[in-house]
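Asker: Just target-v2.cif, nothing more (mmCIF, C-alpha atoms):
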data_my_file
loop_
_atom_site.label_atom_id
_atom_site.label_comp_id
_atom_site.auth_asym_id
_atom_site.auth_seq_id
_atom_site.Cartn_x
_atom_site.Cartn_y
_atom_site.Cartn_z
CA MET A 1 81.86 66.34 74.92
CA SER A 2 83.45 69.77 75.13
CA GLU A 3 82.04 70.87 71.77
CA LEU A 4 78.62 69.57 72.79
CA ILE A 5 78.57 71.72 75.95
CA LEU A 6 79.68 74.78 73.97
CA GLN A 7 76.94 74.19 71.38
CA ALA A 8 74.28 73.82 74.09
CA MET A 9 75.51 77.01 75.79
CA LEU A 10 75.30 78.88 72.50
CA TYR A 11 71.67 77.83 72.02
CA CYS A 12 70.72 78.65 75.61
CA LEU A 13 72.31 82.12 75.48
CA THR A 14 70.60 82.88 72.18
CA PHE A 15 67.30 81.81 73.72
CA PHE A 16 67.87 84.12 76.72
CA ALA A 17 68.76 87.00 74.39
CA VAL A 18 65.60 86.50 72.30
CA VAL A 19 63.31 86.33 75.35
CA THR A 20 64.92 89.45 76.84
CA LEU A 21 64.48 91.19 73.50
CA ILE A 22 60.72 90.51 73.69
CA ARG A 23 60.66 92.15 77.14
CA LEU A 24 62.66 95.06 75.70
CA LEU A 25 60.12 95.53 72.90
CA ILE A 26 56.88 95.20 74.90
CA GLY A 27 58.08 96.78 78.19
CA PRO A 28 55.46 99.40 79.08
CA THR A 29 57.73 101.98 80.76
CA ALA A 30 61.29 103.15 80.21
CA SER A 31 62.39 101.45 83.46
CA ASP A 32 61.29 98.01 82.18
CA ARG A 33 63.17 98.51 78.94
CA LEU A 34 66.27 99.55 80.86
CA VAL A 35 66.06 96.41 83.01
CA ALA A 36 65.85 94.26 79.88
CA LEU A 37 68.80 96.13 78.37
CA ASN A 38 70.85 95.44 81.51
CA VAL A 39 70.23 91.69 81.19
CA LEU A 40 70.93 91.82 77.45
CA ALA A 41 74.34 93.45 78.06
CA ALA A 42 75.41 90.61 80.38
CA VAL A 43 74.12 87.95 77.95
CA SER A 44 75.97 89.47 75.01
CA LEU A 45 79.16 89.61 77.10
CA ALA A 46 78.77 85.88 77.78
CA LEU A 47 78.16 85.27 74.06
CA LEU A 48 81.38 87.09 73.13
CA ILE A 49 83.41 85.06 75.63
CA LEU A 50 81.75 81.83 74.47
CA TRP A 51 82.67 82.62 70.87
CA GLY A 52 86.26 83.37 71.90
CA VAL A 53 86.58 80.04 73.72
CA SER A 54 84.92 77.89 71.05
CA THR A 55 87.01 79.29 68.17
CA LYS A 56 90.17 79.18 70.39
CA ARG A 57 91.13 82.78 69.58
CA THR A 58 91.94 85.28 72.32
CA LEU A 59 91.01 88.25 70.13
CA TYR A 60 87.34 87.92 71.10
CA LEU A 61 88.32 87.86 74.78
CA ASP A 62 90.03 91.24 74.36
CA VAL A 63 86.91 92.60 72.71
CA ALA A 64 84.81 91.21 75.58
CA LEU A 65 87.14 92.86 78.13
CA VAL A 66 86.74 96.30 76.58
CA TYR A 67 82.98 95.78 76.24
CA ASP A 68 82.82 94.80 79.90
CA ILE A 69 84.73 97.84 81.12
CA PHE A 70 82.97 100.47 79.02
CA GLY A 71 79.52 98.86 78.92
CA PHE A 72 78.07 100.81 81.83
CA LEU A 73 79.06 104.17 80.35
CA GLY A 74 76.27 103.62 77.83
CA PHE A 75 73.82 103.12 80.70
CA LEU A 76 74.95 106.35 82.30
CA ALA A 77 74.41 108.21 79.03
CA ILE A 78 70.96 106.69 78.48
CA THR A 79 69.74 107.42 82.01
CA ARG A 80 71.12 110.97 81.88
CA PHE A 81 69.34 111.55 78.55
CA LEU A 82 66.02 110.11 79.78
CA LYS A 83 66.15 112.17 82.98
CA LYS A 84 66.82 115.35 81.04
CA GLY A 85 63.94 114.64 78.65
CA LYS A 86 61.59 114.07 81.59
CA GLU A 87 62.59 117.33 83.25
CA GLU A 88 62.06 119.34 80.08
CA SER A 89 58.63 117.92 79.24
CA MET B 1 92.08 65.44 83.85
CA MET B 2 90.13 66.80 80.90
CA ILE B 3 87.12 64.63 81.68
CA VAL B 4 86.91 65.97 85.27
CA ARG B 5 86.98 69.53 83.96
CA GLU B 6 84.25 68.70 81.44
CA ILE B 7 82.01 67.17 84.10
CA LEU B 8 82.45 70.22 86.38
CA ALA B 9 81.73 72.51 83.43
CA LEU B 10 78.59 70.51 82.66
CA ILE B 11 77.40 70.92 86.26
CA ALA B 12 78.01 74.69 86.16
CA PHE B 13 76.22 74.88 82.79
CA VAL B 14 73.14 73.03 84.11
CA ILE B 15 72.97 75.25 87.22
CA GLY B 16 73.33 78.40 85.14
CA THR B 17 70.65 77.33 82.67
CA ALA B 18 68.20 76.52 85.47
CA PHE B 19 68.71 79.94 87.10
CA GLY B 20 68.47 81.67 83.73
CA LEU B 21 65.18 79.99 82.83
CA VAL B 22 63.63 80.91 86.20
CA GLY B 23 64.91 84.46 85.73
CA MET B 24 63.19 84.62 82.34
CA VAL B 25 59.91 83.43 83.93
CA GLY B 26 60.28 86.06 86.66
CA LEU B 27 60.98 88.79 84.11
CA PHE B 28 57.50 88.21 82.68
CA ARG B 29 55.69 87.27 85.89
CA PHE B 30 56.50 90.19 88.20
CA LYS B 31 54.61 93.42 87.73
CA ASP B 32 56.74 96.30 89.05
CA PRO B 33 60.17 97.32 87.67
CA TYR B 34 62.04 96.67 90.93
CA SER B 35 60.98 93.02 91.09
CA ARG B 36 61.75 92.67 87.40
CA LEU B 37 65.22 93.99 88.11
CA HIS B 38 65.70 91.34 90.80
CA ALA B 39 64.50 88.58 88.47
CA GLY B 40 66.66 89.98 85.69
CA SER B 41 69.73 89.94 87.89
CA LEU B 42 68.97 86.25 88.48
CA CYS B 43 69.57 85.73 84.75
CA GLY B 44 72.08 88.48 84.09
CA THR B 45 74.31 87.80 87.09
CA THR B 46 73.91 84.26 88.40
CA ALA B 47 73.45 82.50 85.07
CA VAL B 48 76.20 84.48 83.34
CA PHE B 49 78.56 83.95 86.29
CA SER B 50 77.96 80.17 86.17
CA TYR B 51 78.57 80.20 82.42
CA LEU B 52 81.80 82.12 82.91
CA ILE B 53 82.99 79.52 85.42
CA ALA B 54 82.10 76.73 82.95
CA LEU B 55 84.00 78.53 80.17
CA LEU B 56 86.97 79.03 82.51
CA LEU B 57 87.05 75.27 83.04
CA LEU B 58 86.86 74.63 79.29
CA SER B 59 89.40 77.26 78.21
CA PRO B 60 91.94 75.83 75.72
CA SER B 61 95.20 77.63 76.61
CA VAL B 62 97.00 79.42 79.46
CA ALA B 63 96.73 82.85 77.80
CA SER B 64 92.96 82.58 77.52
CA THR B 65 92.70 81.28 81.12
CA LEU B 66 94.51 84.37 82.43
CA ARG B 67 92.28 86.63 80.36
CA MET B 68 89.19 84.83 81.61
CA ILE B 69 90.26 85.43 85.23
CA ILE B 70 90.70 89.16 84.55
CA LEU B 71 87.32 89.16 82.79
CA ILE B 72 85.61 87.51 85.77
CA VAL B 73 87.11 90.08 88.15
CA PHE B 74 85.89 92.92 85.95
CA PHE B 75 82.49 91.27 85.62
CA LEU B 76 82.25 91.27 89.43
CA ILE B 77 82.83 95.03 89.33
CA SER B 78 80.78 96.01 86.28
CA ALA B 79 77.62 93.89 86.73
CA PRO B 80 76.54 95.54 90.03
CA THR B 81 77.47 98.96 88.64
CA GLY B 82 75.05 98.55 85.74
CA SER B 83 72.25 97.24 87.96
CA SER B 84 72.71 100.02 90.47
CA ILE B 85 72.55 102.65 87.72
CA VAL B 86 69.24 101.12 86.57
CA ALA B 87 67.92 100.87 90.16
CA ARG B 88 68.85 104.49 90.79
CA PHE B 89 66.99 105.52 87.62
CA ILE B 90 63.85 103.61 88.69
CA TRP B 91 64.03 105.19 92.16
CA GLU B 92 64.32 108.73 90.82
CA SER B 93 61.63 108.27 88.18
CA GLU B 94 59.24 106.88 90.81
CA ASP B 95 60.00 109.88 93.01
CA ALA B 96 59.19 112.24 90.13
CA GLU B 97 56.01 110.23 89.43
CA ARG B 98 54.91 110.54 93.08
CA GLN B 99 55.60 114.29 93.18
CA ARG B 100 53.63 114.79 89.99
CA SER B 101 50.63 112.82 91.28
CA SER B 102 50.65 114.70 94.61
CA MET B 103 50.80 118.00 92.72
CA ASN B 104 47.85 116.91 90.61
CA ARG B 105 45.91 116.09 93.79
CA GLU B 106 46.63 119.55 95.19
CA ASP B 107 45.50 121.10 91.92
CA LYS B 108 42.22 119.23 92.15
CA SER B 109 41.67 120.25 95.75
CA LEU B 110 42.18 123.86 94.74
CA MET C 1 103.82 119.87 106.52
CA ASN C 2 106.46 117.17 106.28
CA SER C 3 104.13 114.27 107.06
CA ARG C 4 101.68 115.68 104.54
CA ARG C 5 104.35 115.64 101.83
CA THR C 6 105.35 112.07 102.74
CA TRP C 7 101.72 111.01 102.49
CA ALA C 8 101.40 112.67 99.06
CA LEU C 9 104.52 110.81 97.91
CA ILE C 10 103.14 107.47 99.15
CA ARG C 11 99.84 108.09 97.37
CA PHE C 12 101.67 109.01 94.17
CA GLY C 13 103.75 105.82 94.34
CA LEU C 14 100.72 103.63 94.98
CA THR C 15 98.81 105.15 92.06
CA THR C 16 101.77 104.62 89.73
CA LEU C 17 102.13 101.00 90.86
CA PHE C 18 98.42 100.32 90.36
CA LEU C 19 98.36 101.86 86.87
CA PHE C 20 101.51 99.95 85.89
CA VAL C 21 100.02 96.61 87.01
CA VAL C 22 96.84 97.36 85.05
CA TRP C 23 98.98 98.24 82.01
CA ILE C 24 100.81 94.89 82.22
CA LEU C 25 97.55 92.99 82.62
CA PHE C 26 95.89 94.68 79.65
CA SER C 27 98.78 94.77 77.20
CA ALA C 28 99.82 91.16 78.05
CA ASP C 29 103.24 91.93 76.60
CA ALA C 30 106.48 91.76 78.64
CA GLY C 31 108.82 93.31 76.06
CA PHE C 32 111.29 95.98 77.22
CA PHE C 33 109.87 98.84 75.14
CA SER C 34 106.29 98.08 76.19
CA LEU C 35 107.24 98.06 79.87
CA LEU C 36 109.18 101.34 79.57
CA PHE C 37 106.39 103.07 77.67
CA GLY C 38 103.80 101.83 80.17
CA PHE C 39 105.90 103.02 83.11
CA PHE C 40 106.22 106.54 81.75
CA ILE C 41 102.55 106.74 80.80
CA SER C 42 101.49 105.57 84.26
CA LEU C 43 103.91 108.07 85.85
CA LEU C 44 102.36 110.88 83.80
CA SER C 45 98.74 109.97 84.52
CA ALA C 46 99.50 109.30 88.20
CA SER C 47 100.98 112.77 88.60
CA LEU C 48 97.79 114.24 87.16
CA THR C 49 95.23 112.11 89.03
CA TYR C 50 96.68 110.83 92.33
CA HIS C 51 94.81 113.39 94.44
CA ILE C 52 91.51 112.20 92.98
CA PHE C 53 92.32 108.50 92.94
CA LEU C 54 93.43 108.36 96.59
CA PRO C 55 91.90 111.26 98.54
CA GLU C 56 94.06 112.97 101.10
CA HIS C 57 91.77 112.59 104.10
CA GLU C 58 92.08 108.80 104.26
CA ALA C 59 95.38 108.92 106.12
CA ASN C 60 95.99 105.21 106.64
CA LEU C 61 97.51 102.59 104.37
CA ARG C 62 95.08 99.94 105.58
CA PHE C 63 92.28 101.97 103.97
CA PHE C 64 93.18 100.75 100.50
CA ILE C 65 95.74 97.96 100.74
CA PRO C 66 93.85 94.69 101.32
CA ARG C 67 95.06 91.64 103.18
CA PRO C 68 95.31 89.02 100.42
CA PHE C 69 93.97 85.99 102.32
CA SER C 70 91.02 87.93 103.70
CA LEU C 71 90.32 89.18 100.18
CA ILE C 72 90.16 85.62 98.84
CA ARG C 73 87.95 84.62 101.77
CA PHE C 74 85.64 87.56 101.04
CA PHE C 75 85.47 86.54 97.38
CA ILE C 76 84.47 82.96 98.24
CA LEU C 77 81.91 84.24 100.74
CA MET C 78 80.42 86.54 98.10
CA VAL C 79 80.02 83.70 95.59
CA ALA C 80 78.36 81.56 98.27
CA ALA C 81 76.01 84.44 99.15
CA LEU C 82 75.24 84.88 95.43
CA TYR C 83 74.05 81.28 95.05
CA ALA C 84 72.18 81.21 98.38
CA SER C 85 70.19 84.37 97.66
CA SER C 86 69.59 83.32 94.04
CA PHE C 87 67.96 80.19 95.41
CA GLN C 88 65.67 82.30 97.60
CA VAL C 89 64.68 84.47 94.64
CA VAL C 90 63.96 81.30 92.61
CA LYS C 91 61.60 80.18 95.37
CA ALA C 92 59.94 83.61 95.33
CA VAL C 93 59.47 83.46 91.55
CA ILE C 94 57.89 80.00 91.68
CA THR C 95 55.56 80.60 94.63
CA GLY C 96 54.90 84.23 93.66
CA ASN C 97 54.74 85.74 97.17
CA THR C 98 57.15 88.65 97.50
CA ASN C 99 57.29 91.58 99.89
CA PRO C 100 59.31 94.37 98.24
CA ARG C 101 60.30 97.19 100.62
CA ILE C 102 62.95 99.88 100.88
CA VAL C 103 64.99 99.61 104.08
CA HIS C 104 67.68 101.89 105.55
CA PHE C 105 70.63 100.95 107.71
CA ARG C 106 74.12 102.04 108.65
CA THR C 107 77.47 100.35 108.18
CA ARG C 108 80.40 100.55 110.56
CA LEU C 109 83.10 100.27 107.87
CA ARG C 110 85.33 103.32 107.78
CA SER C 111 87.13 103.48 104.44
CA ASP C 112 85.36 104.68 101.29
CA LEU C 113 86.67 101.76 99.24
CA ALA C 114 85.29 99.17 101.66
CA ARG C 115 81.92 100.93 101.76
CA THR C 116 81.71 101.02 97.97
CA ILE C 117 82.60 97.35 97.76
CA LEU C 118 79.98 96.51 100.39
CA ALA C 119 77.33 98.38 98.36
CA ASN C 120 78.45 96.59 95.20
CA ALA C 121 78.32 93.20 96.92
CA ILE C 122 74.79 93.92 98.16
CA THR C 123 73.75 94.80 94.60
CA PHE C 124 75.54 91.75 93.20
CA THR C 125 73.38 89.28 95.13
CA PRO C 126 69.88 89.02 93.63
CA GLY C 127 67.12 90.01 96.02
CA THR C 128 68.84 93.09 97.44
CA MET C 129 69.66 96.23 95.47
CA THR C 130 71.55 99.28 96.74
CA LEU C 131 69.78 102.50 95.76
CA ASP C 132 71.90 105.05 97.58
CA LEU C 133 75.13 105.24 99.59
CA ASN C 134 75.50 108.43 101.58
CA ASP C 135 78.55 108.40 103.90
CA ASP C 136 77.72 105.36 106.04
CA HIS C 137 73.99 105.30 105.36
CA LEU C 138 72.74 102.72 102.85
CA THR C 139 69.32 102.68 101.17
CA VAL C 140 68.52 99.17 100.00
CA HIS C 141 65.59 97.74 98.07
CA TRP C 142 64.84 94.27 99.47
CA LEU C 143 62.63 91.83 97.58
CA LEU C 144 61.89 89.39 100.41
CA CYS C 145 61.53 91.85 103.25
CA SER C 146 60.87 90.36 106.69
CA THR C 147 61.41 93.46 108.84
CA THR C 148 61.82 97.21 108.35
CA HIS C 149 63.61 97.72 111.65
CA ALA C 150 66.97 99.25 110.69
CA LYS C 151 69.25 97.13 112.86
CA ALA C 152 67.48 93.81 112.17
CA ALA C 153 67.34 94.47 108.42
CA GLY C 154 71.03 95.37 108.37
CA GLU C 155 71.84 92.21 110.28
CA ALA C 156 69.89 90.07 107.83
CA ILE C 157 71.43 91.62 104.72
CA LYS C 158 75.02 92.57 105.34
CA THR C 159 76.50 91.23 108.58
CA ARG C 160 78.61 88.40 107.16
CA LEU C 161 79.88 90.40 104.20
CA GLU C 162 80.63 93.39 106.42
CA HIS C 163 82.55 91.21 108.85
CA ALA C 164 84.71 89.76 106.08
CA LEU C 165 85.28 93.22 104.59
CA GLY C 166 86.22 94.66 107.97
CA ARG C 167 88.99 92.10 108.19
CA THR C 168 90.17 92.92 104.67
CA TRP C 169 90.36 96.72 104.74
CA LEU C 170 89.35 98.45 107.97
#
Output the file's structure as structure tokens, nothing else.

Answerer:
Amino acid sequence: MSELILQAMLYCLTFFAVVTLIRLLIGPTASDRLVALNVLAAVSLALLILWGVSTKRTLYLDVALVYDIFGFLGFLAITRFLKKGKEES
Amino acid sequence: MMIVREILALIAFVIGTAFGLVGMVGLFRFKDPYSRLHAGSLCGTTAVFSYLIALLLLSPSVASTLRMIILIVFFLISAPTGSSIVARFIWESEDAERQRSSMNREDKSL
Amino acid sequence: MNSRRTWALIRFGLTTLFLFVVWILFSADAGFFSLLFGFFISLLSASLTYHIFLPEHEANLRFFIPRPFSLIRFFILMVAALYASSFQVVKAVITGNTNPRIVHFRTRLRSDLARTILANAITFTPGTMTLDLNDDHLTVHWLLCSTTHAKAAGEAIKTRLEHALGRTWL
């Protein structure tokens, strides 16, 4: 039962990630791509935790913790870079 | 005891999947970036939060349960931070867009 | 001068305590050497950063020490608000009629921490998104807008959360 739920969660999360990736690729403006990237970050965090629980190793949970804390720094860098590029052009 | 936890986890999983699927539909159905952000937070916040609760119920040992609780607390802090950075970016880029279009209009009137 | 120095000492102690608790949570190791090392590291970084971490002008302990039971109540309320507003956004996605607007309103919370947490809680629930927080003035993007009147919009979005937060901090 438990393994079945974990398997189903794995498939669902992969499906979400793939659909969000399509939005990321076809998004017409930079804002749309950033929205898709935001969703993708949360989904990949859930995937890391799922993997840590299903293999019963806490190492992946530590990785997920660090990813969770420093994930938004990447967003800050990307938005700063895009803003600067827009001002220069 | 285990079977009760599994049934609760199954309920949380079904709720999360339903919200996530609707969020995916909304991500393609809405037209402007703000509404897409709202639909995306339906998937990226509600679905992921439900999944985290399901995984908390299924966690195999005490050490991983404690880590999951810390993770959920940090998810509550970091998920809105990311969305608000994105929302702020959309707001400022729309402002720049509007200023540029109004400047173009003035140029034409001249 | 004396009360100012006492306040600085209290802030320094609180910062050290916070950093030490975070160290214990992250290292997940209760050995003697680990605890000693963590204590000295948190002492060092607290002495460098306490005036940024806890600003001097918030001269009240209730500004950053929460009441534990109110905090748990606020947490439960936030999860309930998350599911309720997700359900509304699901309805909006299926029927397709939305009314996105930007509304402005003020909050009556006084501490910076409580204001930040209120803005984060508003962003956390789908359907409302904080764009800007300037002192006590919030700019919020609202997907299912019913009114642009500042007081009514604020009442519809934040009243319950603000009430619970006001009991927790100040």

Asker: Would you pick out the contacts of segment 109-111 of chain C at 9 Å or less, using all atoms listed in the file, so that residues sharing its chain but fewer than 6 positions from it are not included, and give the list as a list in words?

Answerer: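 Answer for this query is Glu58, Arg62, Phe63, Phe64, Leu118, Asp136, Glu162, Leu165, Gly166, Trp169 and Leu170 of chain C.
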
Asker: May I have a table of the residues of chain B lying at most 9 Å from chain C, giving each one's closest pair of atoms and their distance in Å to one decimal, counting all atoms listed in the file, ordered by chain and ascending residue number, as a Markdown table?

Answerer:
| residue | atom | partner | partner_atom | distance |
| --- | --- | --- | --- | --- |
| B:Phe19 | CA | C:Val90 | CA | 7.4 |
| B:Val22 | CA | C:Val90 | CA | 6.4 |
| B:Gly23 | CA | C:Val90 | CA | 7.6 |
| B:Val25 | CA | C:Val93 | CA | 7.6 |
| B:Gly26 | CA | C:Val93 | CA | 5.6 |
| B:Arg29 | CA | C:Val93 | CA | 7.8 |
| B:Phe30 | CA | C:Val93 | CA | 8.1 |
| B:Tyr34 | CA | C:His141 | CA | 8.0 |
| B:Ser35 | CA | C:Leu143 | CA | 6.8 |
| B:Leu37 | CA | C:Pro126 | CA | 8.8 |
| B:His38 | CA | C:Pro126 | CA | 5.6 |
| B:Ala39 | CA | C:Val89 | CA | 7.4 |
| B:Gly40 | CA | C:Pro126 | CA | 8.6 |
| B:Ser41 | CA | C:Pro126 | CA | 5.8 |
| B:Leu42 | CA | C:Pro126 | CA | 5.9 |
| B:Thr45 | CA | C:Phe124 | CA | 7.4 |
| B:Thr46 | CA | C:Ser86 | CA | 7.2 |
| B:Ala63 | CA | C:Ala28 | CA | 8.9 |
| B:Arg67 | CA | C:Leu25 | CA | 8.6 |
| B:Ile70 | CA | C:Leu25 | CA | 8.1 |
| B:Leu76 | CA | C:Phe124 | CA | 7.7 |
| B:Ile77 | CA | C:Asn120 | CA | 7.5 |
| B:Ala79 | CA | C:Phe124 | CA | 7.1 |
| B:Pro80 | CA | C:Phe124 | CA | 5.0 |
| B:Thr81 | CA | C:Asn120 | CA | 7.0 |
| B:Ser83 | CA | C:Thr123 | CA | 7.2 |
| B:Ser84 | CA | C:Thr130 | CA | 6.4 |
| B:Ile85 | CA | C:Leu131 | CA | 8.5 |
| B:Ala87 | CA | C:Leu131 | CA | 6.1 |
| B:Arg88 | CA | C:Leu131 | CA | 5.4 |
| B:Trp91 | CA | C:Leu131 | CA | 7.3 |

Asker: Compile the contact shell of Thr16 of chain C as a PDB file with C-alpha atoms, in the coordinates of the input: residues with an atom at most 8 Å away, counting all atoms listed in the file, same-chain residues fewer than 6 positions apart removed.

Answerer:
ATOM      1  CA  PHE C  39     105.900 103.020  83.110  1.00  0.00           C
ATOM      2  CA  SER C  42     101.490 105.570  84.260  1.00  0.00           C
ATOM      3  CA  LEU C  43     103.910 108.070  85.850  1.00  0.00           C
ATOM      4  CA  ALA C  46      99.500 109.300  88.200  1.00  0.00           C
TER       5      ALA C  46
END

Asker: Let me make sure I understand: among A:Asp32, A:Asp62, A:Asp68, A:Glu3, which one has the smallest atom-to-atom distance to chain C if we use only C-alpha atoms?

Answerer: A:Asp62

Asker: If the PyMOL selection byres ((chain A and resi 56) around 12) is run on the structure shown, which residues does it catch, given as a list in words?

Answerer: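 Written out, the selection comes to Glu3, Leu6, Ile49, Leu50, Trp51, Gly52, Val53, Ser54, Thr55, Arg57, Thr58, Leu59, Tyr60 and Leu61 of chain A; Leu55, Leu58, Ser59, Pro60, Ser61, Val62, Ala63, Ser64 and Thr65 of chain B.
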
Asker: Residue by residue, what does the PyMOL selection byres ((chain C and resi 57) around 12) grab here? Present the result as a ChimeraX atom specification.

Answerer: /C:4,7-8,11,51-56,58-61,63,110-112

Asker: Can you write out the residues you just picked, keeping C-alpha atoms, as a PDB file, in the coordinates of the input?

Answerer:
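Final file, again-v4.pdb:
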ATOM      1  CA  ARG C   4     101.680 115.680 104.540  1.00  0.00           C
ATOM      2  CA  TRP C   7     101.720 111.010 102.490  1.00  0.00           C
ATOM      3  CA  ALA C   8     101.400 112.670  99.060  1.00  0.00           C
ATOM      4  CA  ARG C  11      99.840 108.090  97.370  1.00  0.00           C
ATOM      5  CA  HIS C  51      94.810 113.390  94.440  1.00  0.00           C
ATOM      6  CA  ILE C  52      91.510 112.200  92.980  1.00  0.00           C
ATOM      7  CA  PHE C  53      92.320 108.500  92.940  1.00  0.00           C
ATOM      8  CA  LEU C  54      93.430 108.360  96.590  1.00  0.00           C
ATOM      9  CA  PRO C  55      91.900 111.260  98.540  1.00  0.00           C
ATOM     10  CA  GLU C  56      94.060 112.970 101.100  1.00  0.00           C
ATOM     11  CA  GLU C  58      92.080 108.800 104.260  1.00  0.00           C
ATOM     12  CA  ALA C  59      95.380 108.920 106.120  1.00  0.00           C
ATOM     13  CA  ASN C  60      95.990 105.210 106.640  1.00  0.00           C
ATOM     14  CA  LEU C  61      97.510 102.590 104.370  1.00  0.00           C
ATOM     15  CA  PHE C  63      92.280 101.970 103.970  1.00  0.00           C
ATOM     16  CA  ARG C 110      85.330 103.320 107.780  1.00  0.00           C
ATOM     17  CA  SER C 111      87.130 103.480 104.440  1.00  0.00           C
ATOM     18  CA  ASP C 112      85.360 104.680 101.290  1.00  0.00           C
TER      19      ASP C 112
END

Asker: Hey, what comes out of the PyMOL selection byres ((chain A) within 9 of (chain B)) on this file? Could you write it as a PDB file with C-alpha atoms, in the frame of the given file?

Answerer:
ATOM      1  CA  MET A   1      81.860  66.340  74.920  1.00  0.00           C
ATOM      2  CA  SER A   2      83.450  69.770  75.130  1.00  0.00           C
ATOM      3  CA  ILE A   5      78.570  71.720  75.950  1.00  0.00           C
ATOM      4  CA  LEU A   6      79.680  74.780  73.970  1.00  0.00           C
ATOM      5  CA  ALA A   8      74.280  73.820  74.090  1.00  0.00           C
ATOM      6  CA  MET A   9      75.510  77.010  75.790  1.00  0.00           C
ATOM      7  CA  CYS A  12      70.720  78.650  75.610  1.00  0.00           C
ATOM      8  CA  LEU A  13      72.310  82.120  75.480  1.00  0.00           C
ATOM      9  CA  PHE A  16      67.870  84.120  76.720  1.00  0.00           C
ATOM     10  CA  VAL A  19      63.310  86.330  75.350  1.00  0.00           C
ATOM     11  CA  THR A  20      64.920  89.450  76.840  1.00  0.00           C
ATOM     12  CA  ARG A  23      60.660  92.150  77.140  1.00  0.00           C
ATOM     13  CA  THR A  29      57.730 101.980  80.760  1.00  0.00           C
ATOM     14  CA  ALA A  30      61.290 103.150  80.210  1.00  0.00           C
ATOM     15  CA  SER A  31      62.390 101.450  83.460  1.00  0.00           C
ATOM     16  CA  ASP A  32      61.290  98.010  82.180  1.00  0.00           C
ATOM     17  CA  LEU A  34      66.270  99.550  80.860  1.00  0.00           C
ATOM     18  CA  VAL A  35      66.060  96.410  83.010  1.00  0.00           C
ATOM     19  CA  ALA A  36      65.850  94.260  79.880  1.00  0.00           C
ATOM     20  CA  ASN A  38      70.850  95.440  81.510  1.00  0.00           C
ATOM     21  CA  VAL A  39      70.230  91.690  81.190  1.00  0.00           C
ATOM     22  CA  LEU A  40      70.930  91.820  77.450  1.00  0.00           C
ATOM     23  CA  ALA A  41      74.340  93.450  78.060  1.00  0.00           C
ATOM     24  CA  ALA A  42      75.410  90.610  80.380  1.00  0.00           C
ATOM     25  CA  VAL A  43      74.120  87.950  77.950  1.00  0.00           C
ATOM     26  CA  LEU A  45      79.160  89.610  77.100  1.00  0.00           C
ATOM     27  CA  ALA A  46      78.770  85.880  77.780  1.00  0.00           C
ATOM     28  CA  ILE A  49      83.410  85.060  75.630  1.00  0.00           C
ATOM     29  CA  LEU A  50      81.750  81.830  74.470  1.00  0.00           C
ATOM     30  CA  GLY A  52      86.260  83.370  71.900  1.00  0.00           C
ATOM     31  CA  VAL A  53      86.580  80.040  73.720  1.00  0.00           C
ATOM     32  CA  SER A  54      84.920  77.890  71.050  1.00  0.00           C
ATOM     33  CA  LYS A  56      90.170  79.180  70.390  1.00  0.00           C
ATOM     34  CA  ARG A  57      91.130  82.780  69.580  1.00  0.00           C
ATOM     35  CA  THR A  58      91.940  85.280  72.320  1.00  0.00           C
ATOM     36  CA  LEU A  61      88.320  87.860  74.780  1.00  0.00           C
ATOM     37  CA  ASP A  62      90.030  91.240  74.360  1.00  0.00           C
ATOM     38  CA  ALA A  64      84.810  91.210  75.580  1.00  0.00           C
ATOM     39  CA  LEU A  65      87.140  92.860  78.130  1.00  0.00           C
ATOM     40  CA  ASP A  68      82.820  94.800  79.900  1.00  0.00           C
ATOM     41  CA  ILE A  69      84.730  97.840  81.120  1.00  0.00           C
ATOM     42  CA  PHE A  70      82.970 100.470  79.020  1.00  0.00           C
ATOM     43  CA  GLY A  71      79.520  98.860  78.920  1.00  0.00           C
ATOM     44  CA  PHE A  72      78.070 100.810  81.830  1.00  0.00           C
ATOM     45  CA  LEU A  73      79.060 104.170  80.350  1.00  0.00           C
ATOM     46  CA  PHE A  75      73.820 103.120  80.700  1.00  0.00           C
ATOM     47  CA  LEU A  76      74.950 106.350  82.300  1.00  0.00           C
ATOM     48  CA  THR A  79      69.740 107.420  82.010  1.00  0.00           C
ATOM     49  CA  ARG A  80      71.120 110.970  81.880  1.00  0.00           C
ATOM     50  CA  LYS A  83      66.150 112.170  82.980  1.00  0.00           C
ATOM     51  CA  LYS A  86      61.590 114.070  81.590  1.00  0.00           C
TER      52      LYS A  86
END

Asker: One number please: atom CA of Ala17 of chain A to atom CA of Ser44 of chain A, in Å, one decimal.

Answerer: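 Answer for the atom CA of Ala17 of chain A to atom CA of Ser44 of chain A separation: 7.6 Å.
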
Asker: For atom CA of His137 of chain C and atom CA of Thr107 of chain C, quote the distance in Å rounded to one decimal.

Answerer: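 A separation of 6.7 Å between them.
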